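Asker: Sharing coords_13.cif (mmCIF, N, CA and C atoms) below.
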```
data_final
#
loop_
_atom_site.label_atom_id
_atom_site.label_comp_id
_atom_site.auth_asym_id
_atom_site.auth_seq_id
_atom_site.Cartn_x
_atom_site.Cartn_y
_atom_site.Cartn_z
N MET A 56 0.85 -1.16 0.00
CA MET A 56 0.00 0.00 0.00
C MET A 56 0.90 1.23 0.00
N LYS A 57 0.58 2.20 -0.81
CA LYS A 57 1.33 3.46 -0.85
C LYS A 57 0.70 4.45 0.12
N VAL A 58 1.55 5.11 0.91
CA VAL A 58 1.10 6.11 1.87
C VAL A 58 1.98 7.35 1.76
N CYS A 59 1.43 8.49 2.12
CA CYS A 59 2.19 9.74 2.16
C CYS A 59 2.39 10.13 3.62
N VAL A 60 3.64 10.35 4.03
CA VAL A 60 3.94 10.72 5.41
C VAL A 60 3.58 12.19 5.61
N ILE A 61 2.70 12.46 6.58
CA ILE A 61 2.30 13.83 6.88
C ILE A 61 2.83 14.30 8.23
N GLY A 62 3.43 13.39 8.99
CA GLY A 62 4.01 13.76 10.28
C GLY A 62 4.70 12.56 10.90
N LYS A 63 5.53 12.83 11.91
CA LYS A 63 6.23 11.75 12.60
C LYS A 63 6.57 12.19 14.01
N GLU A 64 6.77 11.21 14.90
CA GLU A 64 7.14 11.49 16.28
C GLU A 64 7.81 10.27 16.89
N HIS A 65 8.47 10.48 18.00
CA HIS A 65 9.10 9.38 18.73
C HIS A 65 8.32 9.17 20.02
N ALA A 66 8.00 7.93 20.32
CA ALA A 66 7.28 7.59 21.55
C ALA A 66 8.08 6.55 22.32
N GLU A 67 8.32 6.83 23.60
CA GLU A 67 8.97 5.83 24.43
C GLU A 67 8.45 5.93 25.85
N GLY A 68 8.58 4.83 26.56
CA GLY A 68 8.09 4.78 27.93
C GLY A 68 8.03 3.34 28.40
N THR A 69 7.16 3.12 29.37
CA THR A 69 6.97 1.79 29.93
C THR A 69 5.50 1.41 29.81
N SER A 70 5.25 0.21 29.32
CA SER A 70 3.89 -0.28 29.15
C SER A 70 3.20 -0.41 30.50
N LYS A 71 2.00 0.15 30.62
CA LYS A 71 1.23 0.02 31.86
C LYS A 71 0.74 -1.41 32.05
N LYS A 72 0.50 -2.10 30.94
CA LYS A 72 -0.04 -3.46 31.01
C LYS A 72 1.03 -4.49 31.38
N THR A 73 2.20 -4.43 30.71
CA THR A 73 3.23 -5.45 30.93
C THR A 73 4.42 -4.96 31.75
N GLY A 74 4.60 -3.65 31.83
CA GLY A 74 5.76 -3.12 32.53
C GLY A 74 7.03 -3.11 31.69
N ASN A 75 6.91 -3.52 30.42
CA ASN A 75 8.07 -3.56 29.52
C ASN A 75 8.32 -2.19 28.91
N PRO A 76 9.59 -1.82 28.72
CA PRO A 76 9.88 -0.55 28.07
C PRO A 76 9.62 -0.65 26.56
N TYR A 77 9.29 0.50 25.95
CA TYR A 77 9.11 0.53 24.49
C TYR A 77 9.75 1.79 23.94
N SER A 78 10.15 1.72 22.67
CA SER A 78 10.70 2.85 21.94
C SER A 78 10.25 2.70 20.50
N ASN A 79 9.38 3.61 20.05
CA ASN A 79 8.79 3.48 18.72
C ASN A 79 8.85 4.78 17.94
N THR A 80 8.90 4.65 16.63
CA THR A 80 8.71 5.76 15.72
C THR A 80 7.26 5.69 15.28
N VAL A 81 6.51 6.76 15.49
CA VAL A 81 5.11 6.82 15.09
C VAL A 81 5.03 7.70 13.85
N VAL A 82 4.54 7.12 12.75
CA VAL A 82 4.46 7.83 11.49
C VAL A 82 2.98 8.08 11.18
N HIS A 83 2.62 9.33 10.95
CA HIS A 83 1.25 9.70 10.60
C HIS A 83 1.19 9.78 9.07
N VAL A 84 0.27 9.03 8.49
CA VAL A 84 0.21 8.91 7.03
C VAL A 84 -1.20 9.14 6.51
N SER A 85 -1.27 9.49 5.22
CA SER A 85 -2.56 9.57 4.53
C SER A 85 -2.49 8.62 3.33
N HIS A 86 -3.65 8.07 2.97
CA HIS A 86 -3.71 7.13 1.85
C HIS A 86 -5.14 7.03 1.34
N LYS A 87 -5.28 6.45 0.14
CA LYS A 87 -6.60 6.22 -0.42
C LYS A 87 -7.22 5.00 0.25
N LYS A 88 -8.53 5.07 0.46
CA LYS A 88 -9.25 3.95 1.07
C LYS A 88 -10.64 3.89 0.48
N ASN A 89 -11.13 2.68 0.26
CA ASN A 89 -12.47 2.50 -0.29
C ASN A 89 -13.51 3.17 0.61
N ARG A 90 -14.51 3.77 -0.01
CA ARG A 90 -15.64 4.41 0.65
C ARG A 90 -15.24 5.61 1.52
N VAL A 91 -14.05 6.17 1.30
CA VAL A 91 -13.63 7.39 2.01
C VAL A 91 -13.49 8.50 0.97
N GLU A 92 -14.20 9.58 1.19
CA GLU A 92 -14.07 10.73 0.30
C GLU A 92 -12.81 11.50 0.71
N GLY A 93 -11.90 11.68 -0.23
CA GLY A 93 -10.62 12.31 0.09
C GLY A 93 -9.62 11.26 0.52
N GLN A 94 -8.85 11.55 1.54
CA GLN A 94 -7.80 10.65 2.02
C GLN A 94 -8.13 10.13 3.41
N ALA A 95 -7.78 8.88 3.68
CA ALA A 95 -7.87 8.32 5.02
C ALA A 95 -6.53 8.57 5.71
N VAL A 96 -6.54 8.69 7.02
CA VAL A 96 -5.30 8.90 7.77
C VAL A 96 -5.19 7.86 8.87
N GLU A 97 -3.96 7.54 9.23
CA GLU A 97 -3.72 6.61 10.33
C GLU A 97 -2.32 6.85 10.89
N ALA A 98 -2.11 6.36 12.09
CA ALA A 98 -0.79 6.40 12.71
C ALA A 98 -0.22 4.99 12.67
N ILE A 99 0.98 4.85 12.16
CA ILE A 99 1.64 3.55 12.07
C ILE A 99 2.79 3.53 13.07
N TRP A 100 2.78 2.56 13.98
CA TRP A 100 3.83 2.42 14.98
C TRP A 100 4.90 1.48 14.44
N LEU A 101 6.14 1.97 14.43
CA LEU A 101 7.28 1.20 13.92
C LEU A 101 8.34 1.07 15.01
N ASP A 102 9.11 0.00 14.97
CA ASP A 102 10.22 -0.18 15.91
C ASP A 102 11.28 0.88 15.62
N ALA A 103 11.67 1.63 16.65
CA ALA A 103 12.63 2.73 16.47
C ALA A 103 14.02 2.25 16.06
N LYS A 104 14.39 1.03 16.42
CA LYS A 104 15.71 0.51 16.02
C LYS A 104 15.74 0.18 14.53
N THR A 105 14.65 -0.39 14.02
CA THR A 105 14.57 -0.77 12.61
C THR A 105 14.26 0.42 11.73
N PHE A 106 13.40 1.32 12.21
CA PHE A 106 12.96 2.49 11.44
C PHE A 106 13.20 3.76 12.27
N PRO A 107 14.46 4.28 12.29
CA PRO A 107 14.76 5.46 13.10
C PRO A 107 14.00 6.69 12.62
N LEU A 108 13.67 7.57 13.56
CA LEU A 108 12.91 8.78 13.26
C LEU A 108 13.59 9.64 12.20
N ASP A 109 14.89 9.77 12.26
CA ASP A 109 15.62 10.62 11.31
C ASP A 109 15.59 10.08 9.88
N ALA A 110 15.35 8.79 9.70
CA ALA A 110 15.33 8.19 8.37
C ALA A 110 14.00 8.40 7.64
N ILE A 111 12.94 8.76 8.37
CA ILE A 111 11.62 8.96 7.77
C ILE A 111 11.53 10.40 7.27
N GLN A 112 11.08 10.58 6.03
CA GLN A 112 10.99 11.90 5.42
C GLN A 112 9.52 12.34 5.28
N VAL A 113 9.18 13.44 5.91
CA VAL A 113 7.82 13.98 5.82
C VAL A 113 7.60 14.50 4.40
N GLY A 114 6.40 14.22 3.86
CA GLY A 114 6.04 14.66 2.52
C GLY A 114 6.37 13.66 1.44
N LYS A 115 7.08 12.59 1.77
CA LYS A 115 7.46 11.57 0.79
C LYS A 115 6.45 10.42 0.80
N THR A 116 6.45 9.65 -0.29
CA THR A 116 5.58 8.48 -0.42
C THR A 116 6.36 7.23 -0.06
N TYR A 117 5.74 6.36 0.74
CA TYR A 117 6.35 5.12 1.19
C TYR A 117 5.46 3.93 0.82
N ASP A 118 6.08 2.77 0.66
CA ASP A 118 5.36 1.51 0.49
C ASP A 118 5.31 0.82 1.85
N VAL A 119 4.12 0.41 2.25
CA VAL A 119 3.93 -0.30 3.52
C VAL A 119 3.49 -1.72 3.21
N ASP A 120 4.19 -2.70 3.78
CA ASP A 120 3.79 -4.10 3.66
C ASP A 120 3.41 -4.60 5.05
N ARG A 121 2.31 -5.34 5.12
CA ARG A 121 1.83 -5.89 6.39
C ARG A 121 1.69 -7.40 6.27
N ASP A 122 1.81 -8.08 7.40
CA ASP A 122 1.62 -9.53 7.39
C ASP A 122 0.13 -9.84 7.49
N ASN A 123 -0.22 -11.12 7.58
CA ASN A 123 -1.63 -11.52 7.59
C ASN A 123 -2.38 -11.09 8.85
N ARG A 124 -1.64 -10.65 9.89
CA ARG A 124 -2.29 -10.15 11.11
C ARG A 124 -2.39 -8.62 11.12
N GLY A 125 -1.84 -7.97 10.08
CA GLY A 125 -1.91 -6.52 10.00
C GLY A 125 -0.70 -5.80 10.55
N TYR A 126 0.31 -6.55 11.01
CA TYR A 126 1.53 -5.92 11.54
C TYR A 126 2.43 -5.48 10.40
N VAL A 127 3.04 -4.31 10.56
CA VAL A 127 3.95 -3.79 9.53
C VAL A 127 5.22 -4.61 9.50
N ILE A 128 5.57 -5.12 8.31
CA ILE A 128 6.81 -5.88 8.16
C ILE A 128 7.84 -5.14 7.32
N ASP A 129 7.38 -4.12 6.56
CA ASP A 129 8.30 -3.33 5.79
C ASP A 129 7.72 -1.94 5.56
N PHE A 130 8.58 -0.93 5.63
CA PHE A 130 8.20 0.46 5.42
C PHE A 130 9.37 1.12 4.72
N GLU A 131 9.25 1.29 3.40
CA GLU A 131 10.38 1.84 2.65
C GLU A 131 9.93 2.89 1.66
N LEU A 132 10.86 3.79 1.35
CA LEU A 132 10.61 4.88 0.42
C LEU A 132 10.20 4.32 -0.93
N ALA A 133 9.09 4.84 -1.49
CA ALA A 133 8.60 4.37 -2.79
C ALA A 133 9.51 4.88 -3.90
N ARG A 134 9.58 4.10 -4.96
CA ARG A 134 10.41 4.48 -6.12
C ARG A 134 9.59 5.10 -7.19
#
```
Kindly present the structure from the file in structure tokens form.

Answerer:
Amino acid sequence: MKVCVIGKEHAEGTSKKTGNPYSNTVVHVSHKKNRVEGQAVEAIWLDAKTFPLDAIQVGKTYDVDRDNRGYVIDFELAR
């Protein structure tokens, strides 16, 4: 799926449910979606080690691949 990055942020802390620490890059994107007039938007949570905040470019188009459970397995700059 092709998405356009409209914003990004870094989120880190400790999970209230498990007590485990987390560090994520949160990417805010827009994309086309069936039955949506205009663009749909969503926030995609990525592992900060695999997808560092500085490597994500706002305003660029990216390809997002998800597994059968909906988890992001790849997020790379579109060609």

Asker: Grab the atom C of Tyr77 (chain A) to atom N of Thr116 (chain A) distance for me, in Å with one decimal place.

Answerer: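 For atom C of Tyr77 (chain A) relative to atom N of Thr116 (chain A), the distance reads 25.7 Å.
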
Asker: Can you list, as a ChimeraX atom specification, the residues that the PyMOL selection byres ((chain A and resi 59-76) around 6.5) selects here?

Answerer: /A:57-58,77-86,108,112-117

Asker: Mind giving me the straight-line distance from atom N of Asp118 (chain A) to atom N of Lys104 (chain A) in Å, one decimal?

Answerer: 17.9 Å

Asker: Among chain A, which residues does DSSP mark as strand (DSSP E) when it is run on the backbone? Keep the chain and numbering as in the structure and answer as a count of residues only.

Answerer: 44

Asker: Might you pull out every residue within 8 Å of region 125-128 of chain A, with only N, CA and C atoms counted and same-chain residues fewer than 6 positions away left off, and present them as a ChimeraX atom specification?

Answerer: /A:100-101,119

Asker: Just give me the gap between CA of Val96 (chain A) and CA of Phe130 (chain A) in Å, one decimal is fine.

Answerer: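 These atoms are spaced 16.1 Å apart.
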
Asker: Take every atom of region 79-96 of chain A listed in the file, pad by 3 Å on each side, and give me the axis-aligned box centre and edge lengths in Å, one decimal, as lines of an AutoDock Vina configuration file.

Answerer:
```
center_x = -3.1
center_y = 7.4
center_z = 9.8
size_x = 31.0
size_y = 15.8
size_z = 26.5
```
